[in-house]
file upload-v7.json (JSON, C-alpha atoms)
[["chain", "number", "residue", "atom", "x", "y", "z"],
["A", 1, "MET", "CA", 12.67, -17.09, -5.92],
["A", 2, "ILE", "CA", 14.26, -16.84, -2.44],
["A", 3, "LEU", "CA", 12.51, -19.00, 0.09],
["A", 4, "GLY", "CA", 11.71, -17.80, 3.59],
["A", 5, "ALA", "CA", 14.10, -18.76, 6.38],
["A", 6, "LEU", "CA", 13.82, -20.31, 9.82],
["A", 7, "ASN", "CA", 10.43, -21.09, 11.34],
["A", 8, "MET", "CA", 10.55, -21.01, 15.15],
["A", 9, "LYS", "CA", 8.88, -19.97, 18.40],
["A", 10, "ILE", "CA", 9.95, -16.98, 20.47],
["A", 11, "ASN", "CA", 8.78, -15.50, 23.76],
["A", 12, "VAL", "CA", 8.27, -11.76, 24.03],
["A", 13, "ASP", "CA", 7.05, -10.25, 27.31],
["A", 14, "GLY", "CA", 5.76, -13.63, 28.46],
["A", 15, "VAL", "CA", 3.81, -14.38, 25.26],
["A", 16, "ASP", "CA", 4.79, -17.17, 22.85],
["A", 17, "TYR", "CA", 4.77, -16.38, 19.13],
["A", 18, "LYS", "CA", 5.31, -18.60, 16.12],
["A", 19, "VAL", "CA", 7.51, -16.58, 13.77],
["A", 20, "LYS", "CA", 9.50, -16.91, 10.59],
["A", 21, "VAL", "CA", 12.83, -15.14, 10.16],
["A", 22, "HIS", "CA", 13.31, -12.91, 7.15],
["A", 23, "PRO", "CA", 15.51, -14.59, 4.48],
["A", 24, "ILE", "CA", 17.81, -11.56, 4.16],
["A", 25, "PHE", "CA", 17.42, -9.55, 7.35],
["A", 26, "ASP", "CA", 17.92, -12.45, 9.74],
["A", 27, "CYS", "CA", 17.76, -10.26, 12.85],
["A", 28, "TYR", "CA", 14.07, -9.71, 12.04],
["A", 29, "ALA", "CA", 11.10, -12.06, 12.06],
["A", 30, "SER", "CA", 7.33, -11.79, 11.76],
["A", 31, "SER", "CA", 4.33, -13.57, 13.20],
["A", 32, "GLU", "CA", 1.25, -14.70, 11.31],
["A", 33, "SER", "CA", -0.69, -12.06, 13.24],
["A", 34, "GLY", "CA", 1.21, -9.20, 11.58],
["A", 35, "LEU", "CA", 3.72, -8.38, 14.30],
["A", 36, "ILE", "CA", 7.39, -7.87, 13.43],
["A", 37, "PHE", "CA", 10.18, -8.62, 15.90],
["A", 38, "THR", "CA", 13.90, -7.94, 16.06],
["A", 39, "ARG", "CA", 16.88, -8.92, 18.15],
["A", 40, "PRO", "CA", 18.00, -5.48, 19.37],
["A", 41, "ALA", "CA", 21.50, -4.25, 18.59],
["A", 42, "LEU", "CA", 23.91, -4.04, 21.52],
["A", 43, "SER", "CA", 26.28, -1.16, 22.14],
["A", 44, "ARG", "CA", 29.26, -0.97, 19.78],
["A", 45, "ARG", "CA", 31.32, 1.11, 22.19],
["A", 46, "GLY", "CA", 35.01, 0.54, 21.47],
["A", 47, "LEU", "CA", 34.31, -1.36, 18.22],
["A", 48, "PRO", "CA", 34.59, -0.10, 14.61],
["A", 49, "ARG", "CA", 31.33, 1.22, 13.19],
["A", 50, "SER", "CA", 31.66, -0.68, 9.92],
["A", 51, "GLY", "CA", 31.59, -4.20, 11.38],
["A", 52, "PRO", "CA", 28.58, -6.51, 11.78],
["A", 53, "SER", "CA", 26.03, -5.56, 14.42],
["A", 54, "ILE", "CA", 26.19, -7.38, 17.73],
["A", 55, "ARG", "CA", 22.68, -8.51, 18.58],
["A", 56, "ALA", "CA", 21.00, -9.60, 21.78],
["A", 57, "ASN", "CA", 19.76, -13.17, 22.12],
["A", 58, "HIS", "CA", 16.22, -12.04, 22.98],
["A", 59, "TRP", "CA", 13.50, -10.61, 20.74],
["A", 60, "VAL", "CA", 11.48, -7.39, 21.02],
["A", 61, "CYS", "CA", 8.50, -6.14, 19.02],
["A", 62, "THR", "CA", 9.39, -3.44, 16.49],
["A", 63, "SER", "CA", 7.40, -0.24, 16.10],
["A", 64, "GLN", "CA", 5.14, 0.08, 13.08],
["A", 65, "PHE", "CA", 3.93, 3.50, 11.96],
["A", 66, "ILE", "CA", 1.30, 4.52, 9.45],
["A", 67, "VAL", "CA", 2.18, 6.44, 6.28],
["A", 68, "GLN", "CA", -0.40, 7.79, 3.87],
["A", 69, "ALA", "CA", 0.43, 9.62, 0.66],
["A", 70, "LYS", "CA", -2.19, 11.91, -0.86],
["A", 71, "TYR", "CA", -5.00, 10.05, -2.66],
["A", 72, "THR", "CA", -3.73, 6.63, -1.53],
["A", 73, "PRO", "CA", -4.73, 4.30, 1.30],
["A", 74, "PRO", "CA", -2.64, 4.23, 4.51],
["A", 75, "TYR", "CA", 0.03, 1.58, 4.98],
["A", 76, "LYS", "CA", 2.13, 0.43, 7.92],
["A", 77, "LYS", "CA", 5.90, 0.89, 7.65],
["A", 78, "ILE", "CA", 8.88, -0.30, 9.67],
["A", 79, "ARG", "CA", 12.49, 0.86, 9.89],
["A", 80, "ILE", "CA", 15.00, -1.96, 9.45],
["A", 81, "THR", "CA", 18.57, -1.56, 10.71],
["A", 82, "GLN", "CA", 21.08, -4.37, 10.35],
["A", 83, "ASP", "CA", 24.87, -4.48, 9.83],
["A", 84, "GLY", "CA", 25.13, -0.75, 9.20],
["A", 85, "PHE", "CA", 22.29, -0.82, 6.66],
["A", 86, "THR", "CA", 19.02, 1.04, 7.30],
["A", 87, "LYS", "CA", 15.90, 1.02, 5.13],
["A", 88, "LEU", "CA", 12.24, 1.89, 5.39],
["A", 89, "ALA", "CA", 10.07, -1.07, 4.45],
["A", 90, "SER", "CA", 6.37, -1.73, 3.98],
["A", 91, "ALA", "CA", 5.25, -4.00, 6.81],
["A", 92, "HIS", "CA", 2.87, -6.04, 4.63],
["A", 93, "ARG", "CA", 5.56, -6.84, 2.07],
["A", 94, "PHE", "CA", 8.12, -7.65, 4.77],
["A", 95, "ILE", "CA", 5.72, -10.10, 6.44],
["A", 96, "LEU", "CA", 4.98, -11.90, 3.19],
["A", 97, "GLU", "CA", 8.70, -12.06, 2.40],
["A", 98, "CYS", "CA", 9.21, -13.84, 5.74],
["A", 99, "TRP", "CA", 6.45, -16.39, 5.25],
["A", 100, "ASP", "CA", 6.36, -16.85, 1.48],
["A", 101, "SER", "CA", 9.26, -15.59, -0.64],
["A", 102, "ILE", "CA", 10.97, -12.48, -1.94],
["A", 103, "GLN", "CA", 9.44, -11.39, -5.24],
["A", 104, "PRO", "CA", 10.41, -8.69, -7.80],
["A", 105, "ARG", "CA", 8.99, -5.24, -7.08],
["A", 106, "LYS", "CA", 6.64, -5.54, -10.07],
["A", 107, "ILE", "CA", 4.82, -8.20, -8.05],
["A", 108, "VAL", "CA", 2.72, -6.37, -5.47],
["A", 109, "VAL", "CA", 1.22, -7.45, -2.16],
["A", 110, "ARG", "CA", -2.57, -7.55, -2.08],
["A", 111, "HIS", "CA", -4.75, -7.01, 1.00],
["A", 112, "LEU", "CA", -7.53, -9.49, 0.28],
["A", 113, "ASP", "CA", -10.14, -7.81, 2.51],
["A", 114, "GLY", "CA", -9.40, -4.32, 1.15],
["A", 115, "ASN", "CA", -8.10, -3.06, 4.52],
["A", 116, "SER", "CA", -4.57, -1.79, 3.87],
["A", 117, "LEU", "CA", -3.79, -1.83, 7.60],
["A", 118, "ASN", "CA", -4.78, -5.47, 8.15],
["A", 119, "ASN", "CA", -1.46, -7.28, 7.86],
["A", 120, "ILE", "CA", -2.33, -10.70, 9.23],
["A", 121, "LEU", "CA", -0.71, -13.31, 7.01],
["A", 122, "SER", "CA", -3.98, -14.84, 5.78],
["A", 123, "ASN", "CA", -4.97, -11.41, 4.38],
["A", 124, "LEU", "CA", -1.80, -10.99, 2.30],
["A", 125, "LYS", "CA", -1.10, -12.45, -1.12],
["A", 126, "TYR", "CA", 1.25, -11.66, -3.98],
["A", 127, "GLY", "CA", -0.40, -10.54, -7.19],
["A", 128, "THR", "CA", -0.28, -8.26, -10.20],
["A", 129, "VAL", "CA", -0.86, -4.51, -10.19],
["A", 130, "LYS", "CA", -4.20, -5.10, -11.95],
["A", 131, "GLU", "CA", -5.33, -7.54, -9.25],
["A", 132, "ASN", "CA", -4.36, -5.02, -6.59],
["A", 133, "VAL", "CA", -6.28, -2.21, -8.30],
["A", 134, "ASP", "CA", -9.30, -4.50, -8.73],
["A", 135, "ASP", "CA", -9.15, -5.28, -4.99],
["A", 136, "ALA", "CA", -9.15, -1.57, -4.14],
["A", 137, "PHE", "CA", -12.10, -0.79, -6.40],
["A", 138, "ARG", "CA", -14.09, -3.79, -5.16],
["A", 139, "HIS", "CA", -13.68, -2.92, -1.49],
["A", 140, "ASN", "CA", -13.14, 0.84, -1.35],
["A", 141, "GLY", "CA", -13.86, 2.46, -4.70],
["A", 142, "ASN", "CA", -11.24, 4.62, -6.36],
["A", 143, "TYR", "CA", -9.10, 6.61, -3.89],
["A", 144, "ALA", "CA", -8.24, 9.12, -6.63],
["A", 145, "GLU", "CA", -11.58, 9.53, -8.32],
["A", 146, "GLY", "CA", -13.28, 12.83, -9.03],
["A", 147, "THR", "CA", -12.23, 15.83, -6.97],
["A", 148, "ARG", "CA", -9.97, 13.62, -4.81],
["A", 149, "ASN", "CA", -7.64, 13.48, -7.80],
["A", 150, "GLY", "CA", -5.26, 16.45, -7.54],
["A", 151, "ARG", "CA", -5.24, 16.83, -11.33],
["A", 152, "SER", "CA", -9.00, 17.13, -11.66],
["A", 153, "LYS", "CA", -10.13, 20.31, -13.48],
["A", 154, "LEU", "CA", -13.85, 19.74, -13.02],
["A", 155, "THR", "CA", -16.03, 19.68, -9.95],
["A", 156, "GLU", "CA", -18.89, 17.27, -9.38],
["A", 157, "ASP", "CA", -21.33, 20.13, -10.00],
["A", 158, "ASP", "CA", -19.61, 20.83, -13.34],
["A", 159, "VAL", "CA", -20.09, 17.20, -14.35],
["A", 160, "ARG", "CA", -23.77, 17.20, -13.37],
["A", 161, "GLU", "CA", -24.34, 20.37, -15.38],
["A", 162, "ILE", "CA", -22.53, 18.97, -18.44],
["A", 163, "ARG", "CA", -24.65, 15.83, -18.28],
["A", 164, "ARG", "CA", -27.88, 17.78, -17.79],
["A", 165, "ARG", "CA", -27.19, 19.87, -20.89],
["A", 166, "TYR", "CA", -26.12, 16.84, -22.93],
["A", 167, "ASP", "CA", -29.18, 14.83, -21.86],
["A", 168, "CYS", "CA", -31.37, 17.76, -22.96],
["A", 169, "GLY", "CA", -29.93, 17.46, -26.46],
["A", 170, "GLU", "CA", -27.34, 20.25, -26.44],
["A", 171, "LEU", "CA", -24.37, 19.66, -28.74],
["A", 172, "LEU", "CA", -21.08, 18.71, -27.10],
["A", 173, "SER", "CA", -19.27, 21.34, -29.16],
["A", 174, "LYS", "CA", -21.48, 24.04, -27.61],
["A", 175, "ILE", "CA", -21.06, 22.70, -24.08],
["A", 176, "SER", "CA", -17.28, 22.58, -24.51],
["A", 177, "VAL", "CA", -17.16, 26.33, -25.17],
["A", 178, "ASP", "CA", -18.08, 26.93, -21.52],
["A", 179, "TYR", "CA", -15.20, 24.70, -20.30],
["A", 180, "PRO", "CA", -12.12, 26.05, -22.11],
["A", 181, "HIS", "CA", -9.76, 24.73, -19.42],
["A", 182, "ILE", "CA", -10.40, 21.08, -20.42],
["A", 183, "THR", "CA", -10.35, 19.26, -23.74],
["A", 184, "ASN", "CA", -13.41, 18.48, -25.85],
["A", 185, "VAL", "CA", -12.70, 14.80, -25.25],
["A", 186, "SER", "CA", -12.88, 15.32, -21.47],
["A", 187, "VAL", "CA", -16.24, 17.03, -21.84],
["A", 188, "LYS", "CA", -17.52, 14.21, -24.05],
["A", 189, "ASN", "CA", -16.31, 11.51, -21.63],
["A", 190, "ALA", "CA", -17.93, 13.24, -18.67],
["A", 191, "ALA", "CA", -21.19, 13.76, -20.59],
["A", 192, "LYS", "CA", -21.36, 10.17, -21.78],
["A", 193, "ARG", "CA", -20.49, 8.81, -18.33],
["A", 194, "ILE", "CA", -17.22, 7.26, -19.48],
["A", 195, "THR", "CA", -15.44, 9.16, -16.71],
["A", 196, "TRP", "CA", -16.75, 10.36, -13.35],
["A", 197, "ILE", "CA", -18.75, 7.15, -13.15],
["A", 198, "HIS", "CA", -19.23, 7.51, -9.39],
["A", 199, "ILE", "CA", -21.55, 10.51, -9.98],
["A", 200, "ASP", "CA", -25.25, 9.78, -10.45]]

call {"tool": "encode", "arguments": {"input": "upload-v7.json", "output": "structure tokens"}}
result
Amino acid sequence: MILGALNMKINVDGVDYKVKVHPIFDCYASSESGLIFTRPALSRRGLPRSGPSIRANHWVCTSQFIVQAKYTPPYKKIRITQDGFTKLASAHRFILECWDSIQPRKIVVRHLDGNSLNNILSNLKYGTVKENVDDAFRHNGNYAEGTRNGRSKLTEDDVREIRRRYDCGELLSKISVDYPHITNVSVKNAAKRITWIHID
């Protein structure tokens, strides 16, 4: 476990912030309110490109932008540049690394209120993948359920019709004949409400 670094106060545009510096990227710091700051790089004119960055003594707020992959919630990202190294980082993980510790990637960052854009420190906590999935289901349902899943081969109307026929006593083997593009097991699971559980 790598512990977070310096805890201090900075002034940005006339506003005081309590921040903690990142334990690796020490030209960056975050506030408990979810803002991320950096000491901007100064011009390297006349100096070799491979050397350490020369940084200003003052702090500025970094830009955060929203990224959303298909069938997933949106997240805020930041671009980190320090000593010739550039990476794209998740803002929520970066903030928790500043204030808590750096954890292996298999340990995920949970948004306790279910809002993936709410990166105030009190809303962030390390946890397991299962805890993170449970959070998402509890607050938002499944982002990839039903027809929102790009691999889905049934529609909601298909599922309702399968269940209607099954509830009327029709054999699953007969129902499956009308859905040759999916397996018999998929038909059975839909009929018995093992899958597509969000459909009445």

call {"tool": "residues_near_point", "arguments": {"input": "upload-v7.json", "point": "(0.3, -10.9, 14.3)", "cutoff": "10 Å", "atoms": "all atoms listed in the file", "output": "ChimeraX atom specification"}}
result
/A:17-19,30-36,95,118-121

call {"tool": "write_last_selection", "arguments": {"input": "upload-v7.json", "atoms": "C-alpha atoms", "output": "CSV table (one decimal), keeping the file's coordinate frame"}}
result
chain,number,residue,atom,x,y,z
A,17,TYR,CA,4.8,-16.4,19.1
A,18,LYS,CA,5.3,-18.6,16.1
A,19,VAL,CA,7.5,-16.6,13.8
A,30,SER,CA,7.3,-11.8,11.8
A,31,SER,CA,4.3,-13.6,13.2
A,32,GLU,CA,1.2,-14.7,11.3
A,33,SER,CA,-0.7,-12.1,13.2
A,34,GLY,CA,1.2,-9.2,11.6
A,35,LEU,CA,3.7,-8.4,14.3
A,36,ILE,CA,7.4,-7.9,13.4
A,95,ILE,CA,5.7,-10.1,6.4
A,118,ASN,CA,-4.8,-5.5,8.2
A,119,ASN,CA,-1.5,-7.3,7.9
A,120,ILE,CA,-2.3,-10.7,9.2
A,121,LEU,CA,-0.7,-13.3,7.0

call {"tool": "residues_around", "arguments": {"input": "upload-v7.json", "residues": "Glu170 in chain A", "least_positions_apart": "6", "cutoff": "12 Å", "atoms": "all atoms listed in the file", "output": "JSON list (two decimals) with C-alpha atoms, keeping the file's coordinate frame"}}
result
[["chain", "number", "residue", "atom", "x", "y", "z"],
["A", 161, "GLU", "CA", -24.34, 20.37, -15.38],
["A", 162, "ILE", "CA", -22.53, 18.97, -18.44],
["A", 163, "ARG", "CA", -24.65, 15.83, -18.28],
["A", 164, "ARG", "CA", -27.88, 17.78, -17.79],
["A", 176, "SER", "CA", -17.28, 22.58, -24.51],
["A", 177, "VAL", "CA", -17.16, 26.33, -25.17],
["A", 188, "LYS", "CA", -17.52, 14.21, -24.05],
["A", 191, "ALA", "CA", -21.19, 13.76, -20.59]]

call {"tool": "closest_residue", "arguments": {"input": "upload-v7.json", "among": "A:Trp99, A:Phe85, A:Tyr28, A:Tyr179", "to": "Trp59 in chain A", "atoms": "only C-alpha atoms"}}
result
A:Tyr28

call {"tool": "residues_near_point", "arguments": {"input": "upload-v7.json", "point": "(8.5, -18.8, 11.0)", "cutoff": "6 Å", "atoms": "only C-alpha atoms", "output": "PyMOL selection string"}}
result
chain A and resi 6-8+19-21

call {"tool": "closest_residue", "arguments": {"input": "upload-v7.json", "among": "A:Lys87, A:Thr72, A:Thr155, A:Phe94", "to": "Phe37 in chain A", "atoms": "only C-alpha atoms"}}
result
A:Phe94

call {"tool": "atom_distance", "arguments": {"input": "upload-v7.json", "atom1": "CA of Glu97 in chain A", "atom2": "CA of Lys76 in chain A"}}
result
15.2 Å

call {"tool": "residues_around", "arguments": {"input": "upload-v7.json", "residues": "Thr86 in chain A", "least_positions_apart": "5", "cutoff": "12 Å", "atoms": "only C-alpha atoms", "output": "JSON, numbers by chain"}}
result
{"A": [25, 53, 78, 79, 80, 81]}

call {"tool": "write_last_selection", "arguments": {"input": "upload-v7.json", "atoms": "C-alpha atoms", "output": "compact mmCIF listing (two decimals), keeping the file's coordinate frame"}}
result
# COMPACT_ATOMS: atom_id res chain seq x y z
CA PHE A 25 17.42 -9.55 7.35
CA SER A 53 26.03 -5.56 14.42
CA ILE A 78 8.88 -0.30 9.67
CA ARG A 79 12.49 0.86 9.89
CA ILE A 80 15.00 -1.96 9.45
CA THR A 81 18.57 -1.56 10.71

call {"tool": "residues_around", "arguments": {"input": "upload-v7.json", "residues": "Val159 in chain A", "least_positions_apart": "5", "cutoff": "8 Å", "atoms": "all atoms listed in the file", "output": "PDB file with C-alpha atoms, in the frame of the given file"}}
result
ATOM      1  CA  LEU A 154     -13.850  19.740 -13.020  1.00  0.00           C
ATOM      2  CA  ALA A 190     -17.930  13.240 -18.670  1.00  0.00           C
ATOM      3  CA  ALA A 191     -21.190  13.760 -20.590  1.00  0.00           C
ATOM      4  CA  TRP A 196     -16.750  10.360 -13.350  1.00  0.00           C
TER       5      TRP A 196
END

call {"tool": "closest_residue", "arguments": {"input": "upload-v7.json", "among": "A:Ser173, A:Ser90, A:Gln103, A:Asn184", "to": "Ser116 in chain A", "atoms": "all atoms listed in the file"}}
result
A:Ser90

call {"tool": "closest_residue", "arguments": {"input": "upload-v7.json", "among": "A:Arg160, A:Lys153, A:Lys9, A:Arg193", "to": "His181 in chain A", "atoms": "all atoms listed in the file"}}
result
A:Lys153

call {"tool": "atom_distance", "arguments": {"input": "upload-v7.json", "atom1": "CA of Pro74 in chain A", "atom2": "CA of Gly114 in chain A"}}
result
11.4 Å

call {"tool": "atom_distance", "arguments": {"input": "upload-v7.json", "atom1": "CA of Val129 in chain A", "atom2": "CA of Ile66 in chain A"}}
result
21.7 Å

call {"tool": "closest_residue", "arguments": {"input": "upload-v7.json", "among": "A:Gln64, A:Thr183, A:Asn11, A:Asn132", "to": "Val108 in chain A", "atoms": "all atoms listed in the file"}}
result
A:Asn132

call {"tool": "residues_around", "arguments": {"input": "upload-v7.json", "residues": "range 122-128 of chain A", "least_positions_apart": "5", "cutoff": "6 Å", "atoms": "only C-alpha atoms", "output": "PyMOL selection string"}}
result
chain A and resi 107-112

call {"tool": "closest_residue", "arguments": {"input": "upload-v7.json", "among": "A:Lys174, A:His58, A:Lys130, A:Lys77", "to": "Ile10 in chain A", "atoms": "only C-alpha atoms"}}
result
A:His58
